[in-house]
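Heads up: the structure comes next, in structure tokens.
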Amino acid sequence: MKAPNLHPMDEVALQKDLPESDLHYGDIGVIIRSFQGGTYDVEFENNQGKSVIVTKVLLEDLLLVRH
């Protein structure tokens, strides 16, 4: 089920691959900020907790994991 509203610090999972960012379905990230039109800056980390990338992702490509 897709999340209708996401907020900063919400944990989300990718619902599709983003090859241009080297991100894959199921990768976990944290919402950093939201923009008009349902776009979010999401920070993704590696398994050591180090930030790998911050990229814009559309709402329909995200699944809320935890508030």
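The way I read the labels, and the way they are meant: chains A, B, ... in the order of the structure tokens, residue 1 as the first residue of every chain, and ligand 1 as the first ligand shown, with later ones counted on from there.
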message: I need the residues in chain A that are helix (DSSP H, G or I) according to DSSP; give them as a PyMOL selection string.
response: chain A and resi 19-21+59-61
Find the spatial neighbours of Val54 in chain A, counting only C-alpha atoms, within a cut-off of 7 Å - ignore same-chain residues fewer than 2 positions away - and output them as a compact mmCIF listing (two decimals) with N, CA and C atoms, in the first residue's frame.
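Result written to selection-v3.txt:
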```txt
# COMPACT_ATOMS: atom_id res chain seq x y z
N ASP A 41 12.98 14.43 -1.45
CA ASP A 41 14.40 14.15 -1.33
C ASP A 41 14.52 13.03 -0.31
N VAL A 42 15.18 11.95 -0.72
CA VAL A 42 15.35 10.79 0.15
C VAL A 42 16.84 10.51 0.29
N GLU A 43 17.28 10.32 1.54
CA GLU A 43 18.68 9.96 1.81
C GLU A 43 18.77 8.45 1.97
N PHE A 44 19.64 7.84 1.17
CA PHE A 44 19.88 6.40 1.27
C PHE A 44 21.25 6.19 1.87
```
- request: Please identify all polymer residues within 12 Å of Leu63 in chain A, counting only C-alpha atoms, omitting same-chain residues fewer than 4 positions from it, and present them as a list in words.
  value: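 After dropping sequence-adjacent residues, the list is Met1, Lys2, Ala3, Pro4, Asn5, Leu6, Asp10, Glu11, Val12, Ala13, Leu14, Gln15, Lys16, Tyr25, Gly26, Asp27, Ile28, Gly29, Val30, Ile31, Val57, Leu58, Leu59 and His67 of chain A.
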Save out the residues we just selected, N, CA and C atoms, as a PDB file, in the first residue's frame.
```pdb
ATOM      1  N   MET A   1       0.841  -1.188   0.000  1.00  0.00           N
ATOM      2  CA  MET A   1       0.000   0.000   0.000  1.00  0.00           C
ATOM      3  C   MET A   1       0.883   1.247   0.000  1.00  0.00           C
ATOM      4  N   LYS A   2       0.652   2.122  -0.922  1.00  0.00           N
ATOM      5  CA  LYS A   2       1.428   3.352  -1.036  1.00  0.00           C
ATOM      6  C   LYS A   2       1.036   4.334   0.070  1.00  0.00           C
ATOM      7  N   ALA A   3       1.988   5.134   0.503  1.00  0.00           N
ATOM      8  CA  ALA A   3       1.746   6.106   1.568  1.00  0.00           C
ATOM      9  C   ALA A   3       1.143   7.382   0.979  1.00  0.00           C
ATOM     10  N   PRO A   4      -0.003   7.860   1.502  1.00  0.00           N
ATOM     11  CA  PRO A   4      -0.608   9.081   0.972  1.00  0.00           C
ATOM     12  C   PRO A   4       0.173  10.345   1.340  1.00  0.00           C
ATOM     13  N   ASN A   5       0.755  10.392   2.494  1.00  0.00           N
ATOM     14  CA  ASN A   5       1.524  11.551   2.945  1.00  0.00           C
ATOM     15  C   ASN A   5       2.795  11.081   3.621  1.00  0.00           C
ATOM     16  N   LEU A   6       3.903  11.605   3.163  1.00  0.00           N
ATOM     17  CA  LEU A   6       5.177  11.285   3.789  1.00  0.00           C
ATOM     18  C   LEU A   6       5.737  12.561   4.403  1.00  0.00           C
ATOM     19  N   ASP A  10      10.509  10.148   7.944  1.00  0.00           N
ATOM     20  CA  ASP A  10       9.839   8.870   7.683  1.00  0.00           C
ATOM     21  C   ASP A  10      10.809   7.948   6.957  1.00  0.00           C
ATOM     22  N   GLU A  11      10.794   6.676   7.329  1.00  0.00           N
ATOM     23  CA  GLU A  11      11.606   5.671   6.659  1.00  0.00           C
ATOM     24  C   GLU A  11      10.782   5.075   5.527  1.00  0.00           C
ATOM     25  N   VAL A  12      11.382   4.977   4.346  1.00  0.00           N
ATOM     26  CA  VAL A  12      10.666   4.496   3.168  1.00  0.00           C
ATOM     27  C   VAL A  12      11.487   3.443   2.437  1.00  0.00           C
ATOM     28  N   ALA A  13      10.797   2.633   1.622  1.00  0.00           N
ATOM     29  CA  ALA A  13      11.456   1.650   0.768  1.00  0.00           C
ATOM     30  C   ALA A  13      11.146   1.977  -0.680  1.00  0.00           C
ATOM     31  N   LEU A  14      12.118   1.779  -1.543  1.00  0.00           N
ATOM     32  CA  LEU A  14      11.916   1.986  -2.972  1.00  0.00           C
ATOM     33  C   LEU A  14      11.036   0.891  -3.545  1.00  0.00           C
ATOM     34  N   GLN A  15      10.136   1.267  -4.425  1.00  0.00           N
ATOM     35  CA  GLN A  15       9.244   0.316  -5.068  1.00  0.00           C
ATOM     36  C   GLN A  15       9.638   0.050  -6.522  1.00  0.00           C
ATOM     37  N   LYS A  16      10.798   0.560  -6.928  1.00  0.00           N
ATOM     38  CA  LYS A  16      11.341   0.267  -8.262  1.00  0.00           C
ATOM     39  C   LYS A  16      12.829   0.564  -8.263  1.00  0.00           C
ATOM     40  N   TYR A  25      15.089  -1.780  -6.039  1.00  0.00           N
ATOM     41  CA  TYR A  25      13.830  -2.103  -5.377  1.00  0.00           C
ATOM     42  C   TYR A  25      14.132  -2.624  -3.974  1.00  0.00           C
ATOM     43  N   GLY A  26      13.448  -2.051  -2.975  1.00  0.00           N
ATOM     44  CA  GLY A  26      13.620  -2.501  -1.597  1.00  0.00           C
ATOM     45  C   GLY A  26      14.649  -1.726  -0.799  1.00  0.00           C
ATOM     46  N   ASP A  27      15.481  -0.914  -1.462  1.00  0.00           N
ATOM     47  CA  ASP A  27      16.443  -0.104  -0.708  1.00  0.00           C
ATOM     48  C   ASP A  27      15.689   0.823   0.247  1.00  0.00           C
ATOM     49  N   ILE A  28      16.248   1.004   1.427  1.00  0.00           N
ATOM     50  CA  ILE A  28      15.622   1.809   2.479  1.00  0.00           C
ATOM     51  C   ILE A  28      16.283   3.181   2.560  1.00  0.00           C
ATOM     52  N   GLY A  29      15.429   4.200   2.721  1.00  0.00           N
ATOM     53  CA  GLY A  29      15.930   5.564   2.865  1.00  0.00           C
ATOM     54  C   GLY A  29      15.079   6.347   3.848  1.00  0.00           C
ATOM     55  N   VAL A  30      15.457   7.597   4.063  1.00  0.00           N
ATOM     56  CA  VAL A  30      14.744   8.491   4.986  1.00  0.00           C
ATOM     57  C   VAL A  30      14.379   9.759   4.228  1.00  0.00           C
ATOM     58  N   ILE A  31      13.124  10.186   4.388  1.00  0.00           N
ATOM     59  CA  ILE A  31      12.654  11.424   3.762  1.00  0.00           C
ATOM     60  C   ILE A  31      13.406  12.598   4.395  1.00  0.00           C
ATOM     61  N   VAL A  57      12.759  11.404  -5.394  1.00  0.00           N
ATOM     62  CA  VAL A  57      11.977  10.211  -5.709  1.00  0.00           C
ATOM     63  C   VAL A  57      10.506  10.596  -5.689  1.00  0.00           C
ATOM     64  N   LEU A  58       9.751  10.053  -6.632  1.00  0.00           N
ATOM     65  CA  LEU A  58       8.312  10.304  -6.700  1.00  0.00           C
ATOM     66  C   LEU A  58       7.572   9.497  -5.643  1.00  0.00           C
ATOM     67  N   LEU A  59       6.470  10.041  -5.151  1.00  0.00           N
ATOM     68  CA  LEU A  59       5.649   9.369  -4.147  1.00  0.00           C
ATOM     69  C   LEU A  59       5.265   7.960  -4.572  1.00  0.00           C
ATOM     70  N   HIS A  67       7.104   5.605  10.557  1.00  0.00           N
ATOM     71  CA  HIS A  67       7.038   7.052  10.848  1.00  0.00           C
ATOM     72  C   HIS A  67       8.118   7.416  11.820  1.00  0.00           C
TER      73      HIS A  67
END
```
field: Given only C-alpha atoms as the counted atoms, nearest of A:Lys56, A:Arg33, A:His7, A:Arg66 to Glu20 in chain A
entry: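 For Glu20 in chain A, the nearest of the given residues is A:Lys56.
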message: Please return, as an MDAnalysis selection string, all residues of chain A that DSSP assigns to strand (DSSP E or B) on the basis of the backbone.
response: chainID A and resid 11:14 18 23 28:35 39:45 51:58 62:66
Selection near Asp22 in chain A, 10 Å with only C-alpha atoms, sequence-local residues under 5 positions removed, as a list of chain:residue names: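 That gives A:Asp17, A:Val52, A:Ile53.
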message: One decimal, in Å: what's the spacing between CA of Asn47 in chain A and CA of Leu23 in chain A?
response: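 Computed distance, CA of Asn47 in chain A to CA of Leu23 in chain A, equals 13.2 Å.
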